[in-house]
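Student: Right, I'll just put the structure down here and ask away after.
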Amino acid sequence: MKVVATLALAAAAFTLAAPASAQFAKPEDAVKYRQSAMFIMGQNFGRIGAMVNGKAPYDPAAAATSAEIVAEMAKLPWPGFTANTDKLSQKAKSEIWVDAAKFKEASERLQNAAPKLATAAKTNNLDTLKTAFQETAGACKNCHDNFRNQ
Ligand code: ASC
């Protein structure tokens, strides 16, 4: 009985202290999770892009909504890059795991830029939005250039 209780406690402690990888039932779920967040982010970033590039009429409310979504999504993909997924996706370069510090830095660049995009979108000023869009796009591109197969 005592052994069972000890084991149960140990299991509970492990669950609490477990790394992010433990939140996924299987490696494929981690890939799906990060790609889903990126997809939603890309869709919304693209909507803003169409506005700042003159391909869609500037709709300040829609831009603000999309920018909020981008800022939220920017927080999400990273725990999905678990070490056990390094061979699962053709898109993710092995550099992600080889130079984890550089990858983290790239992810932080986006997480720094995206909230500024959300703030800029709320000003209802297209030029302000444009500037913030470019900074965020630079963060997307930097990470994609270094860590994603084209
Ligand atoms: C987008 C999108 C990206 C970035 C990137 C910026 O709209 O889907 O991945 O912008 O192309 O250079």
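Residue numbering restarts at 1 for every chain of the structure tokens, chains are lettered A, B, ... in their displayed order, and ligands are numbered from 1 as they appear.
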Using only C-alpha atoms and all ligand atoms, which residues of the polymer chains come no farther than 7 Å from ligand 1? I'd like the answer as an NGL selection string.

Tutor: :A and (42-43 or 45-46 or 49 or 137-138 or 140-141)

Student: Residues at most 8 Å from Asn44 (chain A), counting only C-alpha atoms, excluding those fewer than 6 positions away in the same chain, as number ranges by chain?

Tutor: A: 66-67, 69-70

Student: Val52 (chain A): which residues within 8 Å, counting only C-alpha atoms, same-chain residues fewer than 5 positions away excluded, as a list of chain:residue names?

Tutor: A:Tyr58, A:Leu126, A:Leu129, A:Lys130, A:Phe133

Student: What parts of chain A does DSSP call alpha helix (DSSP H)? I'd like the answer as number ranges by chain.

Tutor: A: 2-17, 27-52, 60-73, 95-98, 100-121, 126-147

Student: Identify which of the residues A:Arg34, A:Asn142, A:Ile40, A:Arg148 lies closest to Glu105 (chain A), counting only C-alpha atoms when measuring atom-to-atom distances.

Tutor: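 Among the listed residues, the smallest separation from Glu105 (chain A) belongs to A:Asn142.
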
Student: Extract, using only C-alpha atoms, all DNA, RNA and protein residues at most 12 Å from Lys91 (chain A), discarding same-chain residues fewer than 4 positions from it, and format them as a list in words.

Tutor: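 The neighbour list is Val31, Arg34, Gln35, Phe81, Thr85, Asp86, Lys87, Glu95, Ile96, His144, Asp145, Asn146, Phe147, Arg148, Asn149 and Gln150 of chain A.
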
Student: Atoms to include: N, CA and C atoms. Write the selected residues as a compact mmCIF listing (two decimals), in the first residue's frame.

Tutor:
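So part-v9.txt came out as:
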```txt
# COMPACT_ATOMS: atom_id res chain seq x y z
N VAL A 31 3.49 18.48 -33.58
CA VAL A 31 3.67 19.08 -34.91
C VAL A 31 2.38 19.77 -35.34
N ARG A 34 1.78 23.07 -33.32
CA ARG A 34 2.57 24.24 -33.73
C ARG A 34 2.17 24.71 -35.12
N GLN A 35 1.88 23.75 -36.03
CA GLN A 35 1.49 24.14 -37.39
C GLN A 35 0.12 24.81 -37.39
N PHE A 81 7.70 22.38 -30.58
CA PHE A 81 8.97 21.95 -31.17
C PHE A 81 9.71 21.03 -30.21
N THR A 85 10.27 15.44 -32.24
CA THR A 85 9.63 15.74 -33.54
C THR A 85 10.66 16.17 -34.59
N ASP A 86 11.95 16.04 -34.24
CA ASP A 86 12.97 16.59 -35.13
C ASP A 86 13.04 15.93 -36.51
N LYS A 87 12.45 14.75 -36.64
CA LYS A 87 12.47 14.09 -37.95
C LYS A 87 11.07 13.99 -38.57
N GLU A 95 18.29 22.55 -37.51
CA GLU A 95 18.92 23.67 -36.78
C GLU A 95 18.10 24.11 -35.56
N ILE A 96 16.80 23.88 -35.63
CA ILE A 96 15.93 24.23 -34.49
C ILE A 96 16.44 23.59 -33.21
N HIS A 144 11.96 31.96 -40.54
CA HIS A 144 11.74 31.05 -41.67
C HIS A 144 13.03 30.83 -42.47
N ASP A 145 13.77 31.90 -42.69
CA ASP A 145 15.02 31.78 -43.45
C ASP A 145 16.00 30.83 -42.76
N ASN A 146 16.06 30.92 -41.44
CA ASN A 146 17.05 30.13 -40.71
C ASN A 146 16.59 28.75 -40.29
N PHE A 147 15.30 28.60 -40.10
CA PHE A 147 14.83 27.37 -39.45
C PHE A 147 13.75 26.60 -40.21
N ARG A 148 13.32 27.11 -41.35
CA ARG A 148 12.29 26.40 -42.11
C ARG A 148 12.78 26.10 -43.52
N ASN A 149 12.55 24.91 -43.97
CA ASN A 149 12.81 24.58 -45.36
C ASN A 149 11.75 25.25 -46.22
N GLN A 150 12.18 25.83 -47.31
CA GLN A 150 11.22 26.61 -48.14
C GLN A 150 10.29 25.69 -48.92
```

Student: Mind checking which residues fall within 10 Å of Phe24 (chain A), counting only C-alpha atoms, ignoring those fewer than 6 positions away in the same chain, and posting them as number ranges by chain?

Tutor: A: 30-31, 33, 79-80, 82

Student: Limited to C-alpha atoms, could you put the picked residues into a file as a JSON list (two decimals), in the first residue's frame?

Tutor:
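This is the output file out-v4.json:
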```
[["chain", "number", "residue", "atom", "x", "y", "z"],
["A", 30, "ALA", "CA", 3.07, 18.49, -31.18],
["A", 31, "VAL", "CA", 3.67, 19.08, -34.91],
["A", 33, "TYR", "CA", -0.26, 21.99, -32.61],
["A", 79, "PRO", "CA", 6.31, 24.12, -26.98],
["A", 80, "GLY", "CA", 5.32, 22.15, -30.09],
["A", 82, "THR", "CA", 9.67, 18.99, -28.92]]
```

Student: Find, counting only C-alpha atoms, the residue in A:Glu68, A:Trp78, A:Thr128, A:Lys32 that gets nearest to Ala100 (chain A).

Tutor: A:Trp78

Student: Mind giving me the straight-line distance from CA of Ser36 (chain A) to CA of Ser107 (chain A) in Å, one decimal?

Tutor: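 Interatomic distance, CA of Ser36 (chain A) to CA of Ser107 (chain A): 16.1 Å.
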